[in-house]
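Participant: For reference, the structure I am asking about is given below.
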Amino acid sequence: MDRNRKRALGAAGAGALAVVVAVGIASAADAAASTLHAAAAEKGRYFGTAVAAYKLSDSVYSTILDREFGMVTPENEMKWDATEPSQGSFSYGSADQIVAHAQAHGQRVRGHALAWHQQQPGWAQNLSGTALRNAMVNHVTQVATHYKGKIYAWDVVNEAFADGGGGGRRDSSLQRTGNDWIEVAFRAARAADPAAKLCYNDYNTDGQNAKSNAVYAMVSDFKARGVPIDCVGFQSHFNSASPVPSDYQANLQRFADLGLDVQITELDIEGSGSAQADNYRRVTEACLAVSRCTGMTVWGIRDSDSWRASGTPLLFDGNGNKKAAYTSTLTALGGGGPTSSPPSSPPVSSSSPPVPSGGCTATASVNQWQGGFVVAVRVTAGSGGTNAWTVTMPLPSGITVTNSWSVTRNGNTFTNVSYNGHINPGQYTEFGLQATGTAGTLTPTCAAS
Ligand code: XIL
């Protein structure tokens, strides 16, 4: 926490100090958030990255990962070829390593991807018809069960629609098992892990076009028929041949208007300098403008980590230095230096509740199902802002906590992690936990420092 605070002050410089002095707050509570995830969290969003298990031992890599990101997506480790290399025999070593790292650092996990026509093991590539359908359902069930309670959202089905103007499904061996293969996969995932959000994920669907229209029609149909789907992922791999579409925000919004979350899942934008920075700013602003855009993930940390490394599409250069695109993204999220410092009093619109005085308040909302529940706890800073906070929330006996995120838990005591201790006056952050059993009424209390 102190580390982050010093960094925030250092980056903000004299301008932010002047603001702090002007409002008479002795701490740096008004300094803008200094990392991507902290800034996103202040907007109620997550900021994530794709992670490769074999790079976790690279200290430049893991230092940036743990400083800047609050959500991780295994880049390859949860794919079918990695998790079920021979039929019925599952291998979770590398994916488990990423999940363990995330849990140890207060990060959440996007699972990627349960059913996809690519990166299938050889044995699955040789199957068709009923045998392939059954193998797919078993795969979804086994993998989602293994990670039950540990996944924020699953890409249940990836890239099932065709490119071009046809507006139909992509031909694949999975598609040839019958048009209902997608909903069957979603139902199997829901049965295995009822707490994970279930997403459909695709590329070239970022603007309104024949492909995104076809996905839109499928999602509308799923919602109408009660097929379990909670989110749509927009990969957002951009370059000069596939630029950020002018109707990006409008397209995210129309999906959100169907009553589900939207997420930017694999963002990378080829280019350099101010042009690249401007594109990252546009994408970030688009997500923030859509209330159900719950977060964004970049597809790697340094340019050298990218699957499209020659296009230098990421936020850090090969040495781990922040690029202009990093700064524009952080600024768009409301973080960074003095130019983006919050006003000396928090913006309170006429409809907003007044900022409570004192340290902080906490509220819990419970999503209970047969046998288990998820609690989302919102920590709202009072007029002094917070540098660190502790929530005390008595939990009923007979429950077992299976997972928690964005918090350090010690029994009934929950303390901020590095990126969310700092909350500006009137702003909030959220953490969560999942448990088996019955929650009943939960009454958290909050103390700030
Ligand atoms: C890519 C990985 O980044 C590469 O390391 C791998 O060789 C191929 O797959 N769409 C997706 C991702 O959904 O899983 C892909 O990831 C990039 C395109």
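Each chain of the structure tokens is named A, B, ... in the order shown, its residues numbered from 1; ligands are numbered from 1 in display order.
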Would you tabulate, counting only C-alpha atoms and all ligand atoms, all residues of chain A that have an atom at most 10 Å from an atom of ligand 1, showing the closest pair of atoms and their distance in Å to one decimal, sorted by chain then ascending number, as a tab-separated table?
Facilitator:
```
residue	atom	partner	partner_atom_place_in_ligand_line	distance
A:Ala50	CA	ligand 1	3 (O)	8.0
A:Val51	CA	ligand 1	3 (O)	9.3
A:Ala52	CA	ligand 1	5 (O)	8.3
A:Thr73	CA	ligand 1	14 (O)	9.5
A:Pro74	CA	ligand 1	14 (O)	8.8
A:Glu75	CA	ligand 1	3 (O)	5.5
A:Asn76	CA	ligand 1	2 (C)	6.0
A:Glu77	CA	ligand 1	5 (O)	9.6
A:Met78	CA	ligand 1	14 (O)	9.5
A:Lys79	CA	ligand 1	14 (O)	7.8
A:His112	CA	ligand 1	14 (O)	7.1
A:Ala113	CA	ligand 1	14 (O)	7.3
A:Trp116	CA	ligand 1	13 (O)	8.5
A:Gln118	CA	ligand 1	9 (O)	8.4
A:Gln119	CA	ligand 1	8 (C)	7.6
A:Asp155	CA	ligand 1	13 (O)	8.8
A:Val157	CA	ligand 1	13 (O)	9.6
A:Asn158	CA	ligand 1	13 (O)	6.3
A:Glu159	CA	ligand 1	13 (O)	7.2
A:Asn201	CA	ligand 1	13 (O)	7.4
A:Asp202	CA	ligand 1	13 (O)	7.0
A:Tyr203	CA	ligand 1	10 (N)	7.2
A:Gly233	CA	ligand 1	13 (O)	9.8
A:Phe234	CA	ligand 1	13 (O)	9.8
A:Gln235	CA	ligand 1	10 (N)	6.9
A:Ser236	CA	ligand 1	10 (N)	9.4
A:His237	CA	ligand 1	18 (C)	7.9
A:Thr265	CA	ligand 1	13 (O)	8.6
A:Glu266	CA	ligand 1	11 (C)	7.2
A:Leu267	CA	ligand 1	17 (C)	9.9
A:Trp299	CA	ligand 1	3 (O)	7.0
A:Gly300	CA	ligand 1	3 (O)	7.9
A:Asp305	CA	ligand 1	3 (O)	8.8
A:Ser306	CA	ligand 1	3 (O)	6.8
A:Trp307	CA	ligand 1	3 (O)	4.7
A:Arg308	CA	ligand 1	3 (O)	8.1
```
Participant: Set the distance at 10 Å and use only C-alpha atoms: which residues neighbour Thr400 (chain A) once local chain neighbours fewer than 6 positions away are removed? I'd like the list as a VMD selection string.
Facilitator: chain A and resid 372 434 to 438
Participant: Would you please give, as a ChimeraX atom specification, all residues of region 51-290 of chain A that DSSP assigns to strand (DSSP E) based on the backbone?
Facilitator: /A:51,71-74,108-116,153-158,197-202,231-234,237-238,261-269
Participant: Within 6 Å of region 30-39 of chain A, counting only C-alpha atoms, which residues qualify if same-chain residues fewer than 5 places away don't, as a PyMOL selection string?
Facilitator: chain A and resi 8+47+68-70+330+333+335-336+341+419-420+424
Participant: Any chance you could tabulate, as JSON lines, the residues of region 135-172 of chain A at most 10 Å from region 402-409 of chain A with each one's nearest atom pair and distance in Å to one decimal, using only C-alpha atoms, in chain and rising number order?
Facilitator:
```
{"residue": "A:Lys148", "atom": "CA", "partner": "A:Thr402", "partner_atom": "CA", "distance": 8.9}
{"residue": "A:Gly149", "atom": "CA", "partner": "A:Asn403", "partner_atom": "CA", "distance": 6.1}
{"residue": "A:Lys150", "atom": "CA", "partner": "A:Asn403", "partner_atom": "CA", "distance": 6.1}
{"residue": "A:Ile151", "atom": "CA", "partner": "A:Asn403", "partner_atom": "CA", "distance": 9.2}
{"residue": "A:Tyr152", "atom": "CA", "partner": "A:Trp405", "partner_atom": "CA", "distance": 9.3}
```
Participant: Which of these, A:Met71, A:Leu395, A:Cys293, A:Ile269, has the shortest distance to Ser310 (chain A) once you count only C-alpha atoms?
Facilitator: A:Ile269
Participant: DSSP on the backbone: which residues in region 257-360 of chain A end up as alpha helix (DSSP H)? Give the answer as a ChimeraX atom specification.
Facilitator: /A:273-289,324-332
Participant: Compare A:Thr312, A:Asn204, A:Ser173, A:Ser291 by their minimum atom-to-atom distance to Gly273 (chain A), counting only C-alpha atoms, and give me the closest one.
Facilitator: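 Nearest candidate to Gly273 (chain A) out of A:Thr312, A:Asn204, A:Ser173, A:Ser291: A:Thr312.
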Participant: Any idea what's packed within 10 Å of Leu114 (chain A), counting only C-alpha atoms, ignoring anything in its chain fewer than 6 positions away? Could you give it as an MDAnalysis selection string?
Facilitator: chainID A and resid 78:80 83 136:137 139:144 154:158 185:186 189
Participant: Which residue is closest to Tyr326 (chain A)? Choose from A:Gln276, A:Ser357, A:Thr294, A:Ser172 and count only C-alpha atoms.
Facilitator: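 Closest residue, counting only C-alpha atoms: A:Gln276.
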Participant: So how many Å separate CA of Ala210 (chain A) and CA of Ala162 (chain A), to one decimal?
Facilitator: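 Separation between CA of Ala210 (chain A) and CA of Ala162 (chain A): 9.3 Å.
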Participant: Name the closest residue to Ile301 (chain A) among the candidates A:Thr145, A:Asn319, A:Thr284, A:Asn239; distances are taken between atoms, counting only C-alpha atoms.
Facilitator: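 Of A:Thr145, A:Asn319, A:Thr284, A:Asn239, the one nearest Ile301 (chain A) is A:Asn319, counting only C-alpha atoms.
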